[in-house]
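Taking it in order: structure first as structure tokens, then the write-up.
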Amino acid sequence: MLTPPSFHDKRLSKTERAEVALKSPAERQRMIETLLVRYPRHRAMSKFIASFHRPVKDGTHDHGHIGVLLGATRSGKSWVLRDYMSAFPAVQTDGIVEKPVLFITVMDDMAAHDVIRSTFLALGYLSVPHIKTDALMAMVIEALPDHGVELIIFDDVDNALKSQRTGYAKKILAFIKGILDKDCCNILCAGRSELYRILAGAEQIKGRGGLKQAVLEPYRWQFREEREQVRLLLDEIDERLPFARKSGLADPDLAAHLYAVSGGVIGQMMNYIEPAAYEAMNDRADRIERDHLIHVAKSLMAPGTSFVPFRDKVDPQRLIDEATEKEMQAREDKVAGRLRNPFSKTRKGGFR
């Protein structure tokens, strides 16, 4: 059974920084692993999930509909979904576990039986009976109302629906249809852009709520207001790192490099920030230094490449997508002088 995660989502004050810097390496490592920033696009996706789950304020949950949350690999979809799930913890009542929100991670090339088995375990059961797939499917579907399930999240379900193995996708879609036919809860599927096409073309689930969808887009460096939001996001990450001093991740040059290696995808940024933080801890440094980022960048460089992120100068033109270059000037003119802080009204003074 997946336990709702505990996130490190609070900014550290100067006093708190001094305290966490003295914590054990394991405690500080845990703070980095669970670091969460509810940046504007994270909050927008949470709002979408909430409206899909419970469309009427103070009303009841919706049922019988399927929706889609799309985003690139490492865009932060799973963090948004797990964060949302954490607001609906399991409750033990009268010998049964009530789980308002189920979260199932679908691994690459999972068979239908594996997906159904994972759903069964997510309900709180400790073991799975040795029965045929169809029988287990029926058992899971019948059990959903007993466990108070309101929303089922299948994360990365495109992994299984794209399988070339005969019958895998068809059986998983049959499982989804069976749940929708039970009309007791909604299903939210998360994955990459191709997932929408797969579900939209599935005869088994057509007409189930119109396939409501949202896309978690990466920020684009080409646009001044989005560039500012990248820096604000990096500063919020910096505010949570367990070091005595801030690392200056929002510095224009460091931010440009972090964008260049990530394409604006937050999970890709963390692929550099997290191991750099560990390097800094091992060096007993009081913050992440540029040398730590360079060390990590070298370890992640593809063979045969010569450009070293964080060491070599970033060419601004490398960060501009030709498809949006013409739009850039018009948008920048429109927002010039009217930028607002997307995180907090208390931070109008800029970066600390």
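Residue names in the structure tokens use chain letters A, B, ... in the order shown, residue numbers from 1 in each chain, and ligand numbers from 1 in the order shown.
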
Discussion item. Taking 6 positions as the minimum chain separation for residues in the same chain, which residues sit within 6 Å of region 151-160 of chain A when counting only C-alpha atoms? Answer as a PyMOL selection string.
Written reply: chain A and resi 101-106+108-110+185-191+195

Could you list, as a PyMOL selection string, every residue within 9 Å of Lys170 (chain A), counting only C-alpha atoms and ignoring same-chain residues fewer than 2 positions away?
chain A and resi 112+161+166-168+172-175+202+204

### Message
Would you pick out the contacts of Ile49 (chain A) at 10 Å or less, using only C-alpha atoms, so that residues sharing its chain but fewer than 2 positions from it are not included, and give the list as an MDAnalysis selection string?
### Response
chainID A and resid 43:47 51:55 67:69 80:81 84 151 188 213:214

What lies within 12 Å of Gln268 (chain A) using only C-alpha atoms, ignoring chain neighbours under 5 positions off, as a ChimeraX atom specification?
/A:72-76,218,257-263,273-275,297,300

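Distance annotation: of A:Cys184, A:Ala302, A:Ile96, A:Val20, the residue with the minimal separation from His65 (chain A) is A:Cys184; atom set is only C-alpha atoms.
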
Next on the checklist: Using only C-alpha atoms, which protein or nucleic acid residues come within 7 Å of region 279-295 of chain A? Drop anything in the same chain fewer than 6 positions from it, and give the result as a ChimeraX atom specification.
Outcome noted: /A:243-247,272,309-311

Keeping only all heavy atoms, write the selected residues as a CSV table (one decimal), in the first residue's frame.
chain,number,residue,atom,x,y,z
A,243,PHE,N,21.4,23.8,3.7
A,243,PHE,CA,22.7,24.4,3.8
A,243,PHE,C,22.7,25.7,4.6
A,243,PHE,O,21.6,26.3,4.7
A,243,PHE,CB,23.3,24.7,2.4
A,243,PHE,CG,23.6,23.4,1.6
A,243,PHE,CD1,22.8,23.0,0.6
A,243,PHE,CD2,24.7,22.7,1.9
A,243,PHE,CE1,23.0,21.9,-0.1
A,243,PHE,CE2,25.0,21.5,1.2
A,243,PHE,CZ,24.1,21.1,0.1
A,244,ALA,N,23.8,26.0,5.2
A,244,ALA,CA,23.9,27.2,6.0
A,244,ALA,C,23.7,28.5,5.2
A,244,ALA,O,23.2,29.5,5.7
A,244,ALA,CB,25.2,27.3,6.7
A,245,ARG,N,24.0,28.4,3.9
A,245,ARG,CA,23.9,29.6,3.0
A,245,ARG,C,23.1,29.2,1.8
A,245,ARG,O,23.2,28.0,1.3
A,245,ARG,CB,25.2,30.2,2.6
A,245,ARG,CG,26.0,30.9,3.8
A,245,ARG,CD,27.1,31.7,3.2
A,245,ARG,NE,28.0,31.0,2.4
A,245,ARG,CZ,28.6,31.4,1.3
A,245,ARG,NH1,28.3,32.6,0.8
A,245,ARG,NH2,29.5,30.7,0.6
A,246,LYS,N,22.5,30.1,1.1
A,246,LYS,CA,21.8,29.9,-0.1
A,246,LYS,C,22.9,29.7,-1.2
A,246,LYS,O,24.0,30.3,-1.1
A,246,LYS,CB,20.9,31.0,-0.5
A,246,LYS,CG,19.6,31.0,0.3
A,246,LYS,CD,18.7,32.1,-0.1
A,246,LYS,CE,18.2,32.0,-1.5
A,246,LYS,NZ,17.2,33.0,-1.9
A,247,SER,N,22.5,28.9,-2.3
A,247,SER,CA,23.5,28.6,-3.3
A,247,SER,C,23.5,29.5,-4.5
A,247,SER,O,24.3,29.3,-5.4
A,247,SER,CB,23.3,27.1,-3.7
A,247,SER,OG,23.4,26.2,-2.7
A,272,TYR,N,20.5,17.7,-11.8
A,272,TYR,CA,21.8,18.4,-11.6
A,272,TYR,C,21.9,18.9,-10.1
A,272,TYR,O,22.9,18.8,-9.5
A,272,TYR,CB,22.0,19.5,-12.6
A,272,TYR,CG,22.2,19.0,-14.0
A,272,TYR,CD1,21.2,18.6,-14.8
A,272,TYR,CD2,23.5,18.9,-14.5
A,272,TYR,CE1,21.4,18.1,-16.1
A,272,TYR,CE2,23.8,18.4,-15.8
A,272,TYR,CZ,22.7,18.0,-16.6
A,272,TYR,OH,22.9,17.6,-17.8
A,309,PRO,N,28.4,22.2,-19.2
A,309,PRO,CA,27.5,23.1,-18.6
A,309,PRO,C,28.1,23.7,-17.3
A,309,PRO,O,28.9,23.0,-16.6
A,309,PRO,CB,26.3,22.3,-18.3
A,309,PRO,CG,26.3,21.2,-19.3
A,309,PRO,CD,27.8,20.9,-19.5
A,310,PHE,N,27.7,24.9,-17.0
A,310,PHE,CA,28.2,25.7,-15.8
A,310,PHE,C,29.6,26.1,-15.8
A,310,PHE,O,30.0,27.0,-15.1
A,310,PHE,CB,27.9,24.8,-14.5
A,310,PHE,CG,26.5,24.3,-14.4
A,310,PHE,CD1,26.3,23.0,-14.6
A,310,PHE,CD2,25.5,25.1,-14.1
A,310,PHE,CE1,25.0,22.5,-14.6
A,310,PHE,CE2,24.2,24.6,-14.0
A,310,PHE,CZ,23.9,23.3,-14.2
A,311,ARG,N,30.4,25.6,-16.8
A,311,ARG,CA,31.8,26.0,-17.0
A,311,ARG,C,31.9,26.9,-18.2
A,311,ARG,O,32.4,28.0,-18.2
A,311,ARG,CB,32.7,24.9,-17.1
A,311,ARG,CG,34.2,25.2,-17.1
A,311,ARG,CD,35.1,24.1,-17.6
A,311,ARG,NE,34.9,23.9,-19.0
A,311,ARG,CZ,35.5,22.9,-19.7
A,311,ARG,NH1,36.3,22.1,-19.1
A,311,ARG,NH2,35.3,22.8,-21.0

* To do: Taking the DSSP assignment computed from this structure's backbone, write out as an MDAnalysis selection string all residues of region 45-165 of chain A that belong to strand (DSSP E).
  => chainID A and resid 66:71 91:93 96:98 101:105 151:155

Selected residues, C-alpha atoms, written as an mmCIF file, in the first residue's frame, please.
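And here's part-v9.cif as it stands now:
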data_model
loop_
_atom_site.group_PDB
_atom_site.id
_atom_site.type_symbol
_atom_site.label_atom_id
_atom_site.label_comp_id
_atom_site.auth_asym_id
_atom_site.auth_seq_id
_atom_site.Cartn_x
_atom_site.Cartn_y
_atom_site.Cartn_z
ATOM 1 C CA ILE A 66 -11.940 9.548 -17.321
ATOM 2 C CA GLY A 67 -9.439 12.417 -17.600
ATOM 3 C CA VAL A 68 -5.825 12.878 -18.649
ATOM 4 C CA LEU A 69 -2.845 14.741 -17.201
ATOM 5 C CA LEU A 70 -0.084 15.072 -19.791
ATOM 6 C CA GLY A 71 3.537 16.099 -19.593
ATOM 7 C CA VAL A 91 -8.581 5.960 7.151
ATOM 8 C CA GLN A 92 -9.145 2.702 9.054
ATOM 9 C CA THR A 93 -12.866 2.249 9.836
ATOM 10 C CA ILE A 96 -11.596 -1.768 6.396
ATOM 11 C CA VAL A 97 -9.206 0.775 4.900
ATOM 12 C CA GLU A 98 -10.937 3.700 3.205
ATOM 13 C CA VAL A 101 -7.572 8.549 -3.774
ATOM 14 C CA LEU A 102 -5.694 5.549 -5.156
ATOM 15 C CA PHE A 103 -2.311 6.073 -6.818
ATOM 16 C CA ILE A 104 -0.940 3.336 -9.059
ATOM 17 C CA THR A 105 2.397 3.655 -10.851
ATOM 18 C CA LEU A 151 -10.482 8.892 -7.687
ATOM 19 C CA ILE A 152 -8.044 6.394 -9.187
ATOM 20 C CA ILE A 153 -4.794 7.741 -10.630
ATOM 21 C CA PHE A 154 -2.896 5.575 -13.109
ATOM 22 C CA ASP A 155 0.482 7.281 -13.398
#
